[in-house]
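Trainee: Sharing data.txt (compact mmCIF, C-alpha atoms) below.
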```txt
# COMPACT_ATOMS: atom_id res chain seq x y z
CA MET A 1 -58.27 -53.20 9.68
CA ASN A 2 -58.97 -49.50 9.94
CA THR A 3 -56.89 -46.73 8.38
CA LEU A 4 -55.11 -45.79 11.59
CA GLU A 5 -54.04 -49.38 12.30
CA ARG A 6 -52.82 -49.65 8.71
CA TRP A 7 -50.90 -46.37 9.11
CA HIS A 8 -49.05 -47.75 12.12
CA GLN A 9 -48.23 -50.93 10.20
CA ILE A 10 -46.86 -48.96 7.23
CA ILE A 11 -44.72 -46.80 9.53
CA LYS A 12 -43.45 -49.85 11.44
CA GLN A 13 -42.56 -51.69 8.25
CA GLY A 14 -41.11 -48.54 6.66
CA LYS A 15 -43.10 -49.12 3.46
CA PRO A 16 -44.37 -45.78 2.11
CA GLU A 17 -45.30 -47.52 -1.17
CA LEU A 18 -48.30 -48.96 0.68
CA LEU A 19 -49.71 -45.49 1.45
CA ASP A 20 -51.90 -45.60 -1.70
CA GLU A 21 -54.28 -47.89 0.19
CA ILE A 22 -55.16 -45.34 2.86
CA LEU A 23 -54.83 -41.96 1.10
CA ALA A 24 -57.87 -40.47 -0.66
CA GLU A 25 -57.37 -39.32 -4.28
CA ASN A 26 -58.01 -35.70 -3.26
CA CYS A 27 -55.78 -35.85 -0.17
CA VAL A 28 -54.11 -32.58 0.86
CA PHE A 29 -50.76 -32.38 2.67
CA LEU A 30 -50.02 -29.41 4.93
CA SER A 31 -46.39 -29.08 5.89
CA PRO A 32 -44.94 -27.65 9.11
CA VAL A 33 -42.86 -25.22 7.04
CA VAL A 34 -44.93 -23.90 4.14
CA HIS A 35 -48.42 -22.39 4.18
CA THR A 36 -49.46 -23.55 0.68
CA PRO A 37 -51.31 -26.89 0.65
CA GLN A 38 -49.80 -29.72 -1.44
CA ARG A 39 -52.79 -31.17 -3.29
CA GLY A 40 -53.46 -34.73 -4.40
CA LYS A 41 -52.57 -38.29 -3.43
CA ALA A 42 -49.28 -38.31 -5.37
CA LEU A 43 -47.86 -35.16 -3.73
CA THR A 44 -49.06 -36.25 -0.27
CA LYS A 45 -47.35 -39.60 -0.74
CA LEU A 46 -44.14 -37.89 -1.89
CA TYR A 47 -44.02 -35.69 1.22
CA LEU A 48 -44.85 -38.56 3.59
CA THR A 49 -42.22 -40.75 1.92
CA GLY A 50 -39.66 -37.97 2.34
CA ALA A 51 -40.64 -37.52 5.99
CA MET A 52 -40.35 -41.28 6.65
CA HIS A 53 -36.79 -41.17 5.33
CA VAL A 54 -35.79 -38.02 7.23
CA LEU A 55 -37.48 -38.77 10.57
CA ASN A 56 -36.24 -42.32 10.92
CA LYS A 57 -33.99 -42.20 13.97
CA ASP A 58 -35.75 -43.47 17.06
CA PHE A 59 -39.11 -42.25 15.65
CA HIS A 60 -41.94 -43.14 18.01
CA TYR A 61 -45.42 -41.94 18.87
CA VAL A 62 -46.03 -40.66 22.40
CA LYS A 63 -49.73 -39.69 22.31
CA GLU A 64 -52.72 -40.69 20.23
CA VAL A 65 -56.01 -38.81 20.41
CA VAL A 66 -58.70 -40.02 18.02
CA SER A 67 -62.25 -39.09 17.05
CA ALA A 68 -64.46 -40.34 14.21
CA GLU A 69 -63.19 -37.62 11.87
CA HIS A 70 -59.63 -36.97 13.01
CA ALA A 71 -56.58 -38.57 14.59
CA VAL A 72 -53.78 -36.66 16.25
CA LEU A 73 -50.56 -38.63 16.76
CA GLU A 74 -47.75 -36.92 18.64
CA PHE A 75 -44.26 -38.14 17.82
CA VAL A 76 -40.71 -37.71 19.02
CA CYS A 77 -37.53 -38.47 17.09
CA GLU A 78 -33.99 -37.22 16.76
CA ILE A 79 -32.06 -35.68 13.89
CA ASP A 80 -28.36 -34.91 14.45
CA GLY A 81 -28.78 -34.83 18.21
CA ILE A 82 -31.75 -32.42 17.95
CA THR A 83 -35.03 -33.67 19.45
CA VAL A 84 -37.90 -33.26 17.02
CA ASN A 85 -41.37 -33.22 18.63
CA GLY A 86 -44.34 -33.09 16.29
CA VAL A 87 -47.91 -34.06 15.51
CA ASP A 88 -49.47 -35.87 12.57
CA ILE A 89 -53.05 -34.60 12.24
CA MET A 90 -55.06 -36.85 9.94
CA SER A 91 -58.61 -36.23 8.76
CA PHE A 92 -60.75 -39.02 7.38
CA ASP A 93 -63.36 -38.93 4.61
CA LYS A 94 -66.64 -40.89 4.71
CA ASP A 95 -64.84 -43.99 3.38
CA GLY A 96 -62.31 -43.77 6.21
CA LYS A 97 -59.46 -42.71 3.91
CA ILE A 98 -57.10 -39.88 4.81
CA ASN A 99 -58.14 -36.70 2.96
CA GLU A 100 -55.97 -34.28 4.91
CA PHE A 101 -52.57 -34.86 6.49
CA LYS A 102 -51.13 -31.97 8.48
CA VAL A 103 -47.81 -31.91 10.31
CA MET A 104 -46.60 -29.46 12.96
CA VAL A 105 -43.21 -29.60 14.65
CA ARG A 106 -41.46 -27.98 17.62
CA PRO A 107 -39.15 -26.45 18.70
CA LEU A 108 -37.90 -23.87 16.17
CA LYS A 109 -34.46 -25.49 15.96
CA ALA A 110 -36.09 -28.76 14.89
CA ILE A 111 -38.23 -27.08 12.21
CA ASN A 112 -35.23 -25.36 10.67
CA LEU A 113 -33.31 -28.64 10.58
CA LEU A 114 -36.30 -30.55 9.20
CA HIS A 115 -36.80 -27.88 6.54
CA ALA A 116 -33.25 -28.32 5.24
CA ARG A 117 -33.40 -32.13 5.40
CA MET A 118 -36.78 -32.39 3.69
CA ARG A 119 -35.61 -30.17 0.82
CA GLU A 120 -32.59 -32.41 0.22
CA MET A 121 -34.74 -35.55 0.49
CA LEU A 122 -37.46 -34.30 -1.90
CA GLU A 123 -34.81 -33.31 -4.45
CA SER A 124 -33.30 -36.77 -4.19
CA LEU A 125 -36.72 -38.52 -4.46
CA ALA A 126 -37.75 -36.32 -7.41
CA GLY A 127 -34.41 -36.84 -9.16
CA MET B 128 -68.25 -27.84 34.25
CA ASN B 129 -65.23 -29.72 33.08
CA THR B 130 -61.77 -28.24 32.45
CA LEU B 131 -62.13 -28.07 28.68
CA GLU B 132 -65.47 -26.22 28.85
CA ARG B 133 -63.92 -23.85 31.38
CA TRP B 134 -60.93 -23.31 29.04
CA HIS B 135 -63.22 -22.28 26.21
CA GLN B 136 -65.05 -19.88 28.52
CA ILE B 137 -61.79 -18.28 29.69
CA ILE B 138 -60.60 -17.86 26.09
CA LYS B 139 -63.96 -16.43 25.00
CA GLN B 140 -64.03 -13.96 27.87
CA GLY B 141 -60.33 -13.12 27.45
CA LYS B 142 -59.69 -13.61 31.18
CA PRO B 143 -56.34 -15.33 31.70
CA GLU B 144 -56.53 -14.44 35.42
CA LEU B 145 -59.07 -17.28 35.74
CA LEU B 146 -56.54 -19.90 34.53
CA ASP B 147 -55.56 -20.71 38.15
CA GLU B 148 -58.76 -22.75 38.45
CA ILE B 149 -57.83 -25.24 35.75
CA LEU B 150 -54.01 -25.41 35.90
CA ALA B 151 -52.34 -27.96 38.20
CA GLU B 152 -49.66 -26.65 40.57
CA ASN B 153 -46.99 -28.71 38.77
CA CYS B 154 -48.18 -27.77 35.26
CA VAL B 155 -45.51 -27.69 32.54
CA PHE B 156 -45.67 -25.41 29.49
CA LEU B 157 -43.96 -26.48 26.27
CA SER B 158 -43.57 -23.71 23.73
CA PRO B 159 -43.54 -24.01 19.93
CA VAL B 160 -40.16 -22.23 19.86
CA VAL B 161 -38.00 -23.48 22.74
CA HIS B 162 -37.18 -27.05 23.75
CA THR B 163 -36.81 -26.38 27.50
CA PRO B 164 -40.00 -26.93 29.52
CA GLN B 165 -41.35 -23.99 31.53
CA ARG B 166 -42.23 -25.53 34.88
CA GLY B 167 -44.98 -24.60 37.34
CA LYS B 168 -48.42 -23.03 37.36
CA ALA B 169 -47.11 -19.42 37.49
CA LEU B 170 -44.87 -19.74 34.42
CA THR B 171 -47.53 -21.66 32.48
CA LYS B 172 -50.04 -18.93 33.26
CA LEU B 173 -47.56 -16.24 32.19
CA TYR B 174 -46.99 -17.90 28.79
CA LEU B 175 -50.69 -18.55 28.21
CA THR B 176 -51.51 -14.95 29.16
CA GLY B 177 -48.87 -13.72 26.71
CA ALA B 178 -50.26 -15.99 23.99
CA MET B 179 -53.82 -14.78 24.60
CA HIS B 180 -52.63 -11.20 24.06
CA VAL B 181 -50.55 -11.97 20.97
CA LEU B 182 -52.96 -14.38 19.22
CA ASN B 183 -56.07 -12.28 19.63
CA LYS B 184 -57.01 -11.37 16.05
CA ASP B 185 -59.75 -13.61 14.72
CA PHE B 186 -58.53 -16.47 16.95
CA HIS B 187 -60.78 -19.51 16.58
CA TYR B 188 -60.59 -23.24 17.02
CA VAL B 189 -61.11 -25.42 13.93
CA LYS B 190 -60.74 -28.97 15.32
CA GLU B 191 -61.13 -30.57 18.72
CA VAL B 192 -60.02 -34.12 19.40
CA VAL B 193 -60.41 -35.29 22.99
CA SER B 194 -59.65 -38.39 25.05
CA ALA B 195 -59.81 -38.97 28.81
CA GLU B 196 -56.17 -37.92 29.25
CA HIS B 197 -55.62 -35.36 26.49
CA ALA B 198 -57.30 -32.71 24.39
CA VAL B 199 -55.95 -31.41 21.10
CA LEU B 200 -57.44 -28.12 19.92
CA GLU B 201 -56.37 -26.84 16.52
CA PHE B 202 -56.60 -23.07 16.04
CA VAL B 203 -56.24 -20.49 13.33
CA CYS B 204 -55.60 -16.77 13.76
CA GLU B 205 -53.85 -13.93 12.02
CA ILE B 206 -50.90 -11.73 13.00
CA ASP B 207 -49.95 -8.89 10.62
CA GLY B 208 -51.62 -10.58 7.68
CA ILE B 209 -49.81 -13.88 8.39
CA THR B 210 -52.05 -16.90 9.03
CA VAL B 211 -51.00 -18.73 12.19
CA ASN B 212 -52.18 -22.37 12.40
CA GLY B 213 -51.45 -24.23 15.61
CA VAL B 214 -52.47 -26.79 18.19
CA ASP B 215 -52.99 -26.59 21.93
CA ILE B 216 -52.23 -30.02 23.37
CA MET B 217 -53.48 -30.30 26.94
CA SER B 218 -52.91 -33.22 29.29
CA PHE B 219 -55.07 -33.75 32.35
CA ASP B 220 -54.12 -35.12 35.76
CA LYS B 221 -56.35 -37.43 37.84
CA ASP B 222 -58.25 -34.41 39.19
CA GLY B 223 -58.97 -33.22 35.65
CA LYS B 224 -56.61 -30.24 35.92
CA ILE B 225 -54.15 -29.37 33.14
CA ASN B 226 -50.68 -30.65 34.04
CA GLU B 227 -49.09 -30.18 30.61
CA PHE B 228 -49.83 -27.54 28.00
CA LYS B 229 -47.94 -27.88 24.71
CA VAL B 230 -48.24 -25.60 21.70
CA MET B 231 -47.09 -26.23 18.13
CA VAL B 232 -47.46 -23.77 15.25
CA ARG B 233 -47.10 -23.77 11.48
CA PRO B 234 -45.92 -22.59 9.01
CA LEU B 235 -42.33 -21.43 9.63
CA LYS B 236 -43.17 -17.79 8.85
CA ALA B 237 -45.82 -17.83 11.58
CA ILE B 238 -43.45 -19.33 14.16
CA ASN B 239 -40.81 -16.69 13.51
CA LEU B 240 -43.38 -13.92 13.86
CA LEU B 241 -44.89 -15.48 17.00
CA HIS B 242 -41.41 -15.87 18.48
CA ALA B 243 -40.72 -12.13 18.14
CA ARG B 244 -44.16 -11.09 19.38
CA MET B 245 -44.12 -13.42 22.39
CA ARG B 246 -40.72 -12.12 23.46
CA GLU B 247 -41.98 -8.52 23.40
CA MET B 248 -45.19 -9.51 25.21
CA LEU B 249 -43.43 -11.49 27.97
CA GLU B 250 -41.02 -8.58 28.56
CA SER B 251 -43.98 -6.23 28.86
CA LEU B 252 -45.90 -8.60 31.20
CA ALA B 253 -42.79 -9.20 33.36
CA GLY B 254 -41.95 -5.48 33.48
```
Produce structure tokens that represent the structure in this file.

Mentor:
Amino acid sequence: MNTLERWHQIIKQGKPELLDEILAENCVFLSPVVHTPQRGKALTKLYLTGAMHVLNKDFHYVKEVVSAEHAVLEFVCEIDGITVNGVDIMSFDKDGKINEFKVMVRPLKAINLLHARMREMLESLAG
Amino acid sequence: MNTLERWHQIIKQGKPELLDEILAENCVFLSPVVHTPQRGKALTKLYLTGAMHVLNKDFHYVKEVVSAEHAVLEFVCEIDGITVNGVDIMSFDKDGKINEFKVMVRPLKAINLLHARMREMLESLAG
């Protein structure tokens, strides 16, 4: 099974603890909110775990565009009646593991809401 | 020449007036800021023209992921010392014309700046 198929399985099962399998050790996470990259497998997993908790209502992918090096998955979900539309942009290393995970979100209202929710979630996961 | 090659040419030459060739009549523009779709070729062209004026400093694409139905082009540019990182997500109709153009941008600081600049630019283009 390739990394992208495994990603979909992990999302479907809601099991972020399985992310270790498909993230490279030097994976970098780039958030929709902050410019500074979050470096390393552990931090990437923390952010993705937080996102899986926050973006859980009716989360589904609507487009998937894939090349050998990258996959772009567009998603839609809802938080508090606000539609969140975003993309997961994954890059793969030579072993097929994810070495960069970038998220962008629209519209502005959704980013502001996501920002607040992710901060609460990361504090709760870290605590 | 296909639509995507033509898009790159139009961007390179800075000639938004040529967009008519590659936009479908029923094209929909989805902005990074506002949820509501902007419908029709004329409005899509207006927004893309505004964006080409605002995002002109050191604008370059850094990733391109393409399928038969969609193209995702990730870009980087700079406004007032702020790095703007975004994606153009194009969808193609059966004639190969663009019938949906969606833009997402990160980080939050860049979206807020782009929001202000696009408003000024659209007022100036409309006036």

Trainee: Taking only C-alpha atoms into account, name the residue in A:Glu120, A:Asp20, A:Lys63, A:Lys109 that is nearest to A:Thr44.

Mentor: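 Under the stated criterion, the closest residue is A:Asp20.
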
Trainee: Show me a table, sorted first by chain and then by increasing residue number, of the residues of chain B having an atom at most 12 Å from chain A, each with its shortest atom pair and the distance in Å to one decimal, counting all atoms listed in the file and written as CSV.

Mentor:
```
residue,atom,partner,partner_atom,distance
B:Leu157,CA,A:Pro107,CA,9.0
B:Ser158,CA,A:Pro107,CA,7.2
B:Pro159,CA,A:Arg106,CA,5.0
B:Val160,CA,A:Pro107,CA,4.5
B:Val161,CA,A:Pro107,CA,5.1
B:His162,CA,A:Pro107,CA,5.5
B:Thr163,CA,A:Pro107,CA,9.1
B:Pro164,CA,A:Pro107,CA,10.9
B:Val189,CA,A:His70,CA,11.7
B:Lys190,CA,A:His70,CA,8.4
B:Glu191,CA,A:His70,CA,8.7
B:Val192,CA,A:Ser67,CA,5.9
B:Val193,CA,A:Val65,CA,6.2
B:Ser194,CA,A:Val65,CA,5.9
B:Ala195,CA,A:Val65,CA,9.2
B:Glu196,CA,A:Val65,CA,8.9
B:His197,CA,A:Val65,CA,7.0
B:Ala198,CA,A:Val65,CA,7.4
B:Val199,CA,A:Val65,CA,7.4
B:Leu200,CA,A:Val72,CA,10.0
B:Glu201,CA,A:Ile89,CA,9.5
B:Ile209,CA,A:His35,CA,9.6
B:Thr210,CA,A:His35,CA,8.2
B:Val211,CA,A:His35,CA,9.2
B:Asn212,CA,A:His35,CA,9.0
B:Gly213,CA,A:Met104,CA,7.6
B:Val214,CA,A:Met104,CA,8.3
B:Asp215,CA,A:Val87,CA,11.1
B:Ile216,CA,A:Glu74,CA,9.5
B:Met217,CA,A:Val65,CA,11.0
B:Ser218,CA,A:Lys63,CA,10.0
B:Lys229,CA,A:Arg106,CA,9.6
B:Val230,CA,A:Arg106,CA,8.3
B:Met231,CA,A:Arg106,CA,5.9
B:Val232,CA,A:Met104,CA,6.2
B:Arg233,CA,A:Pro32,CA,5.0
B:Pro234,CA,A:Val33,CA,4.5
B:Leu235,CA,A:Val33,CA,4.6
B:Lys236,CA,A:Val33,CA,7.7
B:Ala237,CA,A:His35,CA,9.1
B:Ile238,CA,A:Leu108,CA,7.4
B:Asn239,CA,A:Leu108,CA,8.2
B:Leu240,CA,A:Leu108,CA,11.6
B:Leu241,CA,A:Leu108,CA,11.0
B:His242,CA,A:Leu108,CA,9.0
```

Trainee: Please report the interatomic distance between atom CA of A:Asp80 and atom CA of A:Tyr61 in Å with one decimal.

Mentor: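 A separation of 19.0 Å between them.
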
Trainee: What does the distance from atom CA of A:Gly96 to atom CA of A:Asp58 come to in Å, to one decimal?

Mentor: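 Taking atom CA of A:Gly96 as the start and atom CA of A:Asp58 as the end point, the length is 28.7 Å.
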
Trainee: Atom CA of B:Phe228 and atom CA of B:Phe156, how far apart in Å?

Mentor: 4.9 Å

Trainee: Return the single residue from B:Leu252, B:Ile225, B:Cys154, B:Met179 that is closest to B:Thr130, with distances computed using all atoms listed in the file.

Mentor: B:Ile225

Trainee: Assuming the input is short of atoms at stretch 174-187 of chain B, produce N, CA and C atoms for that part as a PDB file, in the coordinates of the input.

Mentor:
```pdb
ATOM      1  N   TYR B 174     -47.077 -17.620  30.235  1.00  0.00           N
ATOM      2  CA  TYR B 174     -46.990 -17.900  28.790  1.00  0.00           C
ATOM      3  C   TYR B 174     -48.367 -17.897  28.137  1.00  0.00           C
ATOM      4  N   LEU B 175     -49.348 -18.505  28.793  1.00  0.00           N
ATOM      5  CA  LEU B 175     -50.690 -18.550  28.210  1.00  0.00           C
ATOM      6  C   LEU B 175     -51.308 -17.148  28.153  1.00  0.00           C
ATOM      7  N   THR B 176     -51.025 -16.337  29.168  1.00  0.00           N
ATOM      8  CA  THR B 176     -51.510 -14.950  29.160  1.00  0.00           C
ATOM      9  C   THR B 176     -50.880 -14.183  28.002  1.00  0.00           C
ATOM     10  N   GLY B 177     -49.570 -14.356  27.837  1.00  0.00           N
ATOM     11  CA  GLY B 177     -48.870 -13.720  26.710  1.00  0.00           C
ATOM     12  C   GLY B 177     -49.473 -14.151  25.371  1.00  0.00           C
ATOM     13  N   ALA B 178     -49.707 -15.461  25.240  1.00  0.00           N
ATOM     14  CA  ALA B 178     -50.260 -15.990  23.990  1.00  0.00           C
ATOM     15  C   ALA B 178     -51.653 -15.439  23.719  1.00  0.00           C
ATOM     16  N   MET B 179     -52.459 -15.308  24.778  1.00  0.00           N
ATOM     17  CA  MET B 179     -53.820 -14.780  24.600  1.00  0.00           C
ATOM     18  C   MET B 179     -53.790 -13.325  24.127  1.00  0.00           C
ATOM     19  N   HIS B 180     -52.760 -12.581  24.535  1.00  0.00           N
ATOM     20  CA  HIS B 180     -52.630 -11.200  24.060  1.00  0.00           C
ATOM     21  C   HIS B 180     -52.127 -11.142  22.609  1.00  0.00           C
ATOM     22  N   VAL B 181     -51.182 -12.021  22.297  1.00  0.00           N
ATOM     23  CA  VAL B 181     -50.550 -11.970  20.970  1.00  0.00           C
ATOM     24  C   VAL B 181     -51.468 -12.544  19.883  1.00  0.00           C
ATOM     25  N   LEU B 182     -52.145 -13.664  20.220  1.00  0.00           N
ATOM     26  CA  LEU B 182     -52.960 -14.380  19.220  1.00  0.00           C
ATOM     27  C   LEU B 182     -54.432 -13.964  19.303  1.00  0.00           C
ATOM     28  N   ASN B 183     -54.682 -12.680  19.355  1.00  0.00           N
ATOM     29  CA  ASN B 183     -56.070 -12.280  19.630  1.00  0.00           C
ATOM     30  C   ASN B 183     -56.902 -11.984  18.385  1.00  0.00           C
ATOM     31  N   LYS B 184     -56.255 -11.818  17.229  1.00  0.00           N
ATOM     32  CA  LYS B 184     -57.010 -11.370  16.050  1.00  0.00           C
ATOM     33  C   LYS B 184     -57.674 -12.548  15.343  1.00  0.00           C
ATOM     34  N   ASP B 185     -58.982 -12.595  15.440  1.00  0.00           N
ATOM     35  CA  ASP B 185     -59.750 -13.610  14.720  1.00  0.00           C
ATOM     36  C   ASP B 185     -59.363 -15.023  15.186  1.00  0.00           C
ATOM     37  N   PHE B 186     -58.897 -15.150  16.430  1.00  0.00           N
ATOM     38  CA  PHE B 186     -58.530 -16.470  16.950  1.00  0.00           C
ATOM     39  C   PHE B 186     -59.776 -17.353  17.036  1.00  0.00           C
ATOM     40  N   HIS B 187     -59.684 -18.539  16.426  1.00  0.00           N
ATOM     41  CA  HIS B 187     -60.780 -19.510  16.580  1.00  0.00           C
ATOM     42  C   HIS B 187     -60.270 -20.927  16.428  1.00  0.00           C
TER      43      HIS B 187
END
```
